[in-house]
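> I'm passing along entry_14.csv; it holds CSV, C-alpha atoms.
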```csv
chain,number,residue,atom,x,y,z
A,20,MET,CA,284.5,119.2,154.5
A,21,ALA,CA,282.2,116.6,156.2
A,22,SER,CA,282.2,116.5,159.9
A,23,ALA,CA,283.7,113.6,161.8
A,24,ARG,CA,280.3,112.0,162.4
A,25,ASP,CA,279.8,111.9,158.6
A,26,THR,CA,282.9,109.9,158.0
A,27,ALA,CA,281.1,106.9,156.4
A,28,THR,CA,279.1,109.1,154.1
A,29,PHE,CA,282.3,110.8,153.0
A,30,LEU,CA,283.9,107.4,152.3
A,31,HIS,CA,280.9,106.4,150.3
A,32,GLU,CA,281.2,109.6,148.2
A,33,LEU,CA,285.0,109.0,147.9
A,34,ALA,CA,284.4,105.5,146.5
A,35,SER,CA,282.0,106.9,143.9
A,36,ARG,CA,284.4,109.7,142.8
A,37,THR,CA,287.4,107.3,142.8
A,38,THR,CA,285.5,105.1,140.3
A,39,ILE,CA,284.8,108.1,138.0
A,40,GLU,CA,288.5,109.1,137.9
A,41,LEU,CA,289.6,105.5,137.3
A,42,TRP,CA,287.2,105.3,134.3
A,43,LYS,CA,288.7,108.5,133.0
A,44,ALA,CA,292.2,107.1,133.3
A,45,ALA,CA,291.1,103.9,131.6
A,46,ARG,CA,289.8,106.0,128.6
A,47,ARG,CA,293.1,107.8,128.5
A,48,GLU,CA,291.5,111.0,129.5
A,49,PRO,CA,292.7,113.8,131.9
A,50,ASN,CA,291.9,112.9,135.5
A,51,VAL,CA,292.3,114.4,138.9
A,52,ALA,CA,295.6,112.6,139.6
A,53,ASN,CA,297.1,112.8,136.1
A,54,LEU,CA,297.1,109.0,136.3
A,55,VAL,CA,298.1,106.9,133.3
A,56,PHE,CA,297.5,103.1,133.3
A,57,ALA,CA,300.6,101.3,132.0
A,58,ASN,CA,300.2,98.6,129.4
A,59,HIS,CA,301.3,95.0,130.0
A,60,ARG,CA,304.5,94.3,128.2
A,61,GLY,CA,303.9,93.6,124.5
A,62,ARG,CA,300.2,94.2,124.8
A,63,GLU,CA,297.7,97.1,124.7
A,64,ALA,CA,295.9,95.8,127.7
A,65,HIS,CA,295.9,98.0,130.8
A,66,ARG,CA,297.8,96.8,133.8
A,67,VAL,CA,295.4,97.3,136.8
A,68,SER,CA,296.5,97.0,140.4
A,69,GLU,CA,295.2,98.4,143.7
A,70,GLN,CA,297.6,101.3,143.6
A,71,GLU,CA,295.8,103.3,140.9
A,72,ALA,CA,292.7,103.5,143.1
A,73,ARG,CA,294.7,104.5,146.1
A,74,CYS,CA,296.6,107.2,144.2
A,75,ILE,CA,293.3,108.8,143.1
A,76,ALA,CA,291.8,108.5,146.5
A,77,GLN,CA,294.8,110.3,148.0
A,78,ARG,CA,294.3,113.2,145.6
A,79,LEU,CA,290.6,113.4,146.3
A,80,ILE,CA,291.2,113.4,150.1
A,81,THR,CA,293.6,116.3,149.7
A,82,GLU,CA,291.1,118.3,147.7
A,83,SER,CA,288.4,117.6,150.3
A,84,GLY,CA,290.4,119.3,153.1
A,85,TYR,CA,291.0,116.0,155.0
A,86,TYR,CA,294.5,114.6,155.7
A,87,PHE,CA,295.8,111.1,155.2
A,88,SER,CA,298.5,108.7,156.1
A,89,ILE,CA,299.9,105.8,154.2
A,90,GLU,CA,300.6,102.3,155.6
A,91,THR,CA,299.3,103.3,159.0
A,92,PRO,CA,300.3,100.9,161.8
A,93,THR,CA,297.3,99.3,163.5
A,94,ARG,CA,296.4,99.9,167.1
A,95,GLY,CA,296.3,96.2,167.8
A,96,ARG,CA,298.9,93.5,167.4
A,97,PHE,CA,298.6,90.5,165.1
A,98,LYS,CA,300.5,87.3,164.4
A,99,PHE,CA,301.2,86.6,160.7
A,100,LYS,CA,302.4,83.0,160.8
A,101,ALA,CA,300.9,80.0,162.6
A,102,LYS,CA,304.3,79.3,164.2
A,103,GLU,CA,304.2,82.6,166.1
A,104,ALA,CA,303.3,82.0,169.7
A,105,SER,CA,301.3,85.2,170.2
A,106,PRO,CA,300.4,88.5,168.4
A,107,THR,CA,303.5,90.7,168.6
A,108,ARG,CA,303.5,92.9,165.5
A,109,SER,CA,301.4,95.7,164.1
A,110,ALA,CA,299.8,95.3,160.7
A,111,GLN,CA,299.1,98.3,158.4
A,112,HIS,CA,296.1,100.1,157.0
A,113,ASP,CA,296.6,101.1,153.4
A,114,LEU,CA,295.3,104.6,154.0
A,115,SER,CA,293.9,106.5,157.0
A,116,LEU,CA,291.8,109.6,157.1
A,117,TYR,CA,292.3,112.5,159.5
A,118,THR,CA,290.6,115.9,160.3
A,119,ALA,CA,293.9,117.6,161.0
A,120,PRO,CA,297.7,116.9,160.5
A,121,THR,CA,298.0,115.1,163.9
A,122,PRO,CA,297.8,111.4,164.6
A,123,ASP,CA,295.1,111.8,167.3
A,124,THR,CA,292.6,113.1,164.7
A,125,VAL,CA,292.2,109.8,162.7
A,126,ILE,CA,288.6,109.1,161.8
A,127,GLY,CA,288.7,106.2,159.3
A,128,HIS,CA,290.6,103.6,157.4
A,129,LEU,CA,290.7,102.5,153.8
A,130,GLU,CA,291.8,99.2,152.3
A,131,PHE,CA,292.5,98.7,148.5
A,132,LYS,CA,292.4,95.3,146.7
A,133,GLN,CA,292.7,94.0,143.2
A,134,GLY,CA,291.4,90.7,141.9
A,135,HIS,CA,291.2,87.7,144.2
A,136,LYS,CA,293.3,84.9,145.5
A,137,SER,CA,293.0,81.2,144.8
A,138,GLU,CA,290.5,79.0,146.6
A,139,LYS,CA,293.4,76.5,147.3
A,140,ASP,CA,294.2,76.0,150.9
A,141,ASP,CA,291.7,78.7,151.9
A,142,LYS,CA,294.0,81.4,150.6
A,143,GLY,CA,291.2,83.6,149.3
A,144,VAL,CA,289.2,83.6,152.5
A,145,HIS,CA,292.3,84.2,154.6
A,146,GLU,CA,293.5,87.1,152.5
A,147,ILE,CA,290.2,88.9,153.1
A,148,TYR,CA,289.8,87.7,156.7
A,149,LYS,CA,293.2,89.2,157.9
A,150,ASP,CA,292.4,92.6,156.3
A,151,LEU,CA,288.9,92.7,157.6
A,152,VAL,CA,290.2,92.0,161.1
A,153,LYS,CA,292.4,95.1,160.9
A,154,LEU,CA,289.5,97.3,159.9
A,155,VAL,CA,287.0,95.9,162.4
A,156,ASP,CA,289.6,96.1,165.2
A,157,SER,CA,290.2,99.8,164.5
A,158,GLY,CA,286.8,100.8,165.8
A,159,LEU,CA,286.5,103.4,163.0
A,160,ASP,CA,284.4,103.7,159.9
A,161,SER,CA,286.1,102.1,156.9
A,162,LEU,CA,286.1,101.7,153.1
A,163,TRP,CA,287.0,98.5,151.3
A,164,PHE,CA,287.7,99.3,147.6
A,165,HIS,CA,288.2,96.3,145.3
A,166,SER,CA,289.3,96.8,141.7
A,167,PHE,CA,289.0,94.5,138.7
A,168,PRO,CA,290.2,95.0,135.1
A,169,ASN,CA,287.3,93.0,133.5
A,170,PRO,CA,285.6,90.9,136.2
A,171,THR,CA,283.7,87.8,135.2
A,172,ARG,CA,280.6,86.7,136.9
A,173,ASN,CA,282.6,83.9,138.3
A,174,GLU,CA,285.0,86.3,140.0
A,175,PHE,CA,282.1,88.0,141.7
A,176,ARG,CA,280.8,84.6,142.9
A,177,GLN,CA,284.2,83.7,144.2
A,178,LEU,CA,284.6,87.0,146.0
A,179,GLN,CA,281.1,86.7,147.5
A,180,LYS,CA,282.0,83.2,148.8
A,181,PHE,CA,285.3,84.5,150.3
A,182,PHE,CA,283.6,87.4,152.0
A,183,THR,CA,280.7,85.4,153.5
A,184,ALA,CA,283.2,83.0,154.9
A,185,ALA,CA,285.6,85.6,156.2
A,186,ILE,CA,283.3,88.1,157.7
A,187,PRO,CA,282.0,86.0,160.7
A,188,ARG,CA,285.5,85.0,161.5
A,189,ALA,CA,286.7,88.6,161.5
A,190,LEU,CA,283.8,89.8,163.6
A,191,ALA,CA,284.4,87.1,166.2
A,192,LYS,CA,288.2,87.8,166.3
A,193,ALA,CA,287.9,91.6,166.6
A,194,LYS,CA,284.7,91.9,168.5
A,195,ALA,CA,283.3,94.6,166.3
A,196,ASP,CA,281.6,97.7,167.7
A,197,GLY,CA,278.2,97.9,165.9
A,198,GLY,CA,278.3,101.7,166.0
A,199,VAL,CA,280.9,102.0,163.2
A,200,ARG,CA,280.2,101.5,159.6
A,201,VAL,CA,281.8,100.1,156.5
A,202,VAL,CA,281.4,100.7,152.7
A,203,LEU,CA,282.2,98.1,150.1
A,204,ALA,CA,283.0,99.1,146.6
A,205,LEU,CA,283.7,96.8,143.6
A,206,CYS,CA,285.0,98.6,140.5
A,207,SER,CA,285.4,97.2,137.0
A,208,VAL,CA,288.0,99.5,135.6
A,209,ILE,CA,287.9,98.5,131.9
A,210,GLU,CA,284.2,97.7,131.6
A,211,GLN,CA,283.5,100.9,133.6
A,212,GLU,CA,280.9,99.6,136.0
A,213,ALA,CA,280.9,99.7,139.8
A,214,TRP,CA,278.8,98.4,142.7
A,215,ILE,CA,279.0,100.4,145.9
A,216,SER,CA,277.2,99.5,149.1
A,217,SER,CA,275.6,102.0,151.4
A,218,PRO,CA,277.4,102.5,154.7
A,219,VAL,CA,276.3,99.7,157.0
A,220,PRO,CA,277.3,98.6,160.5
A,221,TRP,CA,279.8,95.7,160.6
A,222,SER,CA,277.1,93.5,162.1
A,223,GLU,CA,275.2,93.9,158.8
A,224,LEU,CA,278.1,93.3,156.5
A,225,ALA,CA,277.6,89.5,156.0
A,226,ARG,CA,274.0,90.1,154.9
A,227,VAL,CA,275.1,92.8,152.5
A,228,ALA,CA,277.9,90.6,151.1
A,229,ALA,CA,275.4,87.9,150.5
A,230,GLY,CA,273.7,90.3,148.1
A,231,PHE,CA,276.9,90.9,146.0
A,232,PRO,CA,275.9,91.6,142.3
A,233,VAL,CA,276.5,88.1,141.0
A,234,ALA,CA,273.4,88.7,138.9
A,235,SER,CA,272.2,92.2,138.3
A,236,ILE,CA,268.6,91.4,138.9
A,237,THR,CA,269.1,90.0,142.3
A,238,HIS,CA,271.1,92.1,144.7
A,239,ALA,CA,270.6,93.5,148.2
A,240,THR,CA,269.0,97.0,148.3
A,241,GLU,CA,272.1,98.4,149.8
A,242,TRP,CA,274.0,97.9,146.6
A,243,ALA,CA,273.9,100.7,144.0
A,244,ARG,CA,275.2,100.1,140.4
A,245,SER,CA,277.1,102.9,138.8
A,246,GLN,CA,278.3,103.6,135.2
A,247,PRO,CA,279.9,106.7,133.7
A,248,ASP,CA,276.5,107.8,132.2
A,249,THR,CA,274.6,107.3,135.5
A,250,THR,CA,277.2,108.4,138.1
A,251,VAL,CA,277.4,112.0,139.1
A,252,ALA,CA,280.5,113.2,140.8
A,253,THR,CA,280.0,114.9,144.2
A,254,SER,CA,281.6,118.2,144.8
```
Show me the file's structure as structure tokens.


Amino acid sequence: MASARDTATFLHELASRTTIELWKAARREPNVANLVFANHRGREAHRVSEQEARCIAQRLITESGYYFSIETPTRGRFKFKAKEASPTRSAQHDLSLYTAPTPDTVIGHLEFKQGHKSEKDDKGVHEIYKDLVKLVDSGLDSLWFHSFPNPTRNEFRQLQKFFTAAIPRALAKAKADGGVRVVLALCSVIEQEAWISSPVPWSELARVAAGFPVASITHATEWARSQPDTTVATS
């Protein structure tokens, strides 16, 4: 098991291994979580959500010797509607990582997403902004894992646009500590391709997001492209 100071490295490895197991499930092969993708009603197409990646990540965390919690309340308070006078309620982290089965040993948080929201009324930016704020505010290393069934280049452009707009707002709101790091992972489940960033400080995230793989020949050096024949699972 990695030490606490290697949390971001472990999250990077976890993202890589999660993509491998997702691809196995997409091919209807045995996988670490015994996961089966359901079909859409009346069609052979896989129904892909963020839950499949989370399910696999949970199993891999268990095998690693770490512990995890689900829907972990945030340490900070947030307001969820404009009409609320002040922040009064906790939000939730999708998954949190621990070194022991006690709440005081939490060392990282994970967020899982699928697809993207509309540009209309700034919904896409807001959806990413509100979840980035949770992660930045936690003061811990984090993983953002984003799944797509068959992403188009336009979807990557759209997501890049949302991230580059949301990140500065989130950093300003949460006053990020530059010492903690974040890993971004974009996984095409059906096409079996993934782009995973190196762990970077939150202060570097906007620059890395600007190098999203909109075109495979022009991307920031922090991004690594993975496919089943080029990705090696870490033990």

> Around (289.6, 98.6, 166.9) in the file's own coordinates, what residues are found within 8 Å if you use all atoms listed in the file, given back as number ranges by chain?

A: 94-95, 153-159, 193, 195

> Report, in Å with one decimal, the straight-line distance from CA of Ser245 in chain A to CA of Pro187 in chain A.

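A separation of 28.1 Å between them.
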
> What is the CA of Leu162 in chain A-CA of Val202 in chain A distance in Å, reported with one decimal?

4.8 Å

> Between CA of His31 in chain A and CA of Ser109 in chain A, measure the distance and give it in Å to one decimal.

26.9 Å

> Could you list as an mmCIF file with C-alpha atoms, in the frame of the given file every residue that has an atom within 9 Å of (285.3, 107.5, 137.7), using the file's coordinates and counting only C-alpha atoms?


```cif
data_model
loop_
_atom_site.group_PDB
_atom_site.id
_atom_site.type_symbol
_atom_site.label_atom_id
_atom_site.label_comp_id
_atom_site.auth_asym_id
_atom_site.auth_seq_id
_atom_site.Cartn_x
_atom_site.Cartn_y
_atom_site.Cartn_z
ATOM 1 C CA SER A 35 282.000 106.900 143.900
ATOM 2 C CA ARG A 36 284.400 109.700 142.800
ATOM 3 C CA THR A 37 287.400 107.300 142.800
ATOM 4 C CA THR A 38 285.500 105.100 140.300
ATOM 5 C CA ILE A 39 284.800 108.100 138.000
ATOM 6 C CA GLU A 40 288.500 109.100 137.900
ATOM 7 C CA LEU A 41 289.600 105.500 137.300
ATOM 8 C CA TRP A 42 287.200 105.300 134.300
ATOM 9 C CA LYS A 43 288.700 108.500 133.000
ATOM 10 C CA ALA A 44 292.200 107.100 133.300
ATOM 11 C CA ASN A 50 291.900 112.900 135.500
ATOM 12 C CA VAL A 208 288.000 99.500 135.600
ATOM 13 C CA GLN A 211 283.500 100.900 133.600
ATOM 14 C CA GLN A 246 278.300 103.600 135.200
ATOM 15 C CA PRO A 247 279.900 106.700 133.700
ATOM 16 C CA THR A 250 277.200 108.400 138.100
ATOM 17 C CA ALA A 252 280.500 113.200 140.800
#
```

> I need the residue nearest Arg47 in chain A from this list: A:Phe131, A:Ala72, A:Tyr148, A:His65. Use only C-alpha atoms for the distance.

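Between A:Phe131, A:Ala72, A:Tyr148, A:His65, the residue approaching Arg47 in chain A most closely is A:His65.
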
> Rank nothing, just name the residue among A:Ala229, A:Leu116, A:Ala27, A:Leu151 nearest to Phe175 in chain A, using all atoms listed in the file.

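When distances to Phe175 in chain A are compared using all atoms listed in the file, the smallest one comes from A:Ala229.
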
> Generate the coordinates of N, CA and C atoms for range 66-78 of chain A; report them as a PDB file, keeping the file's coordinate frame.


```pdb
ATOM      1  N   ARG A  66     297.389  97.502 132.628  1.00  0.00           N
ATOM      2  CA  ARG A  66     297.800  96.800 133.800  1.00  0.00           C
ATOM      3  C   ARG A  66     297.127  97.443 135.018  1.00  0.00           C
ATOM      4  N   VAL A  67     296.238  96.700 135.687  1.00  0.00           N
ATOM      5  CA  VAL A  67     295.400  97.300 136.800  1.00  0.00           C
ATOM      6  C   VAL A  67     295.900  96.640 138.104  1.00  0.00           C
ATOM      7  N   SER A  68     296.190  97.485 139.083  1.00  0.00           N
ATOM      8  CA  SER A  68     296.500  97.000 140.400  1.00  0.00           C
ATOM      9  C   SER A  68     295.664  97.827 141.421  1.00  0.00           C
ATOM     10  N   GLU A  69     295.884  97.602 142.712  1.00  0.00           N
ATOM     11  CA  GLU A  69     295.200  98.400 143.700  1.00  0.00           C
ATOM     12  C   GLU A  69     295.732  99.795 143.862  1.00  0.00           C
ATOM     13  N   GLN A  70     296.958 100.005 143.333  1.00  0.00           N
ATOM     14  CA  GLN A  70     297.600 101.300 143.600  1.00  0.00           C
ATOM     15  C   GLN A  70     296.996 102.445 142.837  1.00  0.00           C
ATOM     16  N   GLU A  71     296.403 102.194 141.675  1.00  0.00           N
ATOM     17  CA  GLU A  71     295.800 103.300 140.900  1.00  0.00           C
ATOM     18  C   GLU A  71     294.614 103.900 141.719  1.00  0.00           C
ATOM     19  N   ALA A  72     293.775 103.051 142.291  1.00  0.00           N
ATOM     20  CA  ALA A  72     292.700 103.500 143.100  1.00  0.00           C
ATOM     21  C   ALA A  72     293.158 104.313 144.305  1.00  0.00           C
ATOM     22  N   ARG A  73     294.198 103.806 144.929  1.00  0.00           N
ATOM     23  CA  ARG A  73     294.700 104.500 146.100  1.00  0.00           C
ATOM     24  C   ARG A  73     295.312 105.843 145.744  1.00  0.00           C
ATOM     25  N   CYS A  74     296.008 105.915 144.618  1.00  0.00           N
ATOM     26  CA  CYS A  74     296.600 107.200 144.200  1.00  0.00           C
ATOM     27  C   CYS A  74     295.502 108.234 143.957  1.00  0.00           C
ATOM     28  N   ILE A  75     294.425 107.839 143.299  1.00  0.00           N
ATOM     29  CA  ILE A  75     293.300 108.800 143.100  1.00  0.00           C
ATOM     30  C   ILE A  75     292.646 109.162 144.359  1.00  0.00           C
ATOM     31  N   ALA A  76     292.404 108.200 145.243  1.00  0.00           N
ATOM     32  CA  ALA A  76     291.800 108.500 146.500  1.00  0.00           C
ATOM     33  C   ALA A  76     292.590 109.510 147.321  1.00  0.00           C
ATOM     34  N   GLN A  77     293.905 109.370 147.294  1.00  0.00           N
ATOM     35  CA  GLN A  77     294.800 110.300 148.000  1.00  0.00           C
ATOM     36  C   GLN A  77     294.564 111.735 147.490  1.00  0.00           C
ATOM     37  N   ARG A  78     294.498 111.881 146.176  1.00  0.00           N
ATOM     38  CA  ARG A  78     294.300 113.200 145.600  1.00  0.00           C
ATOM     39  C   ARG A  78     292.947 113.787 145.976  1.00  0.00           C
TER      40      ARG A  78
END
```
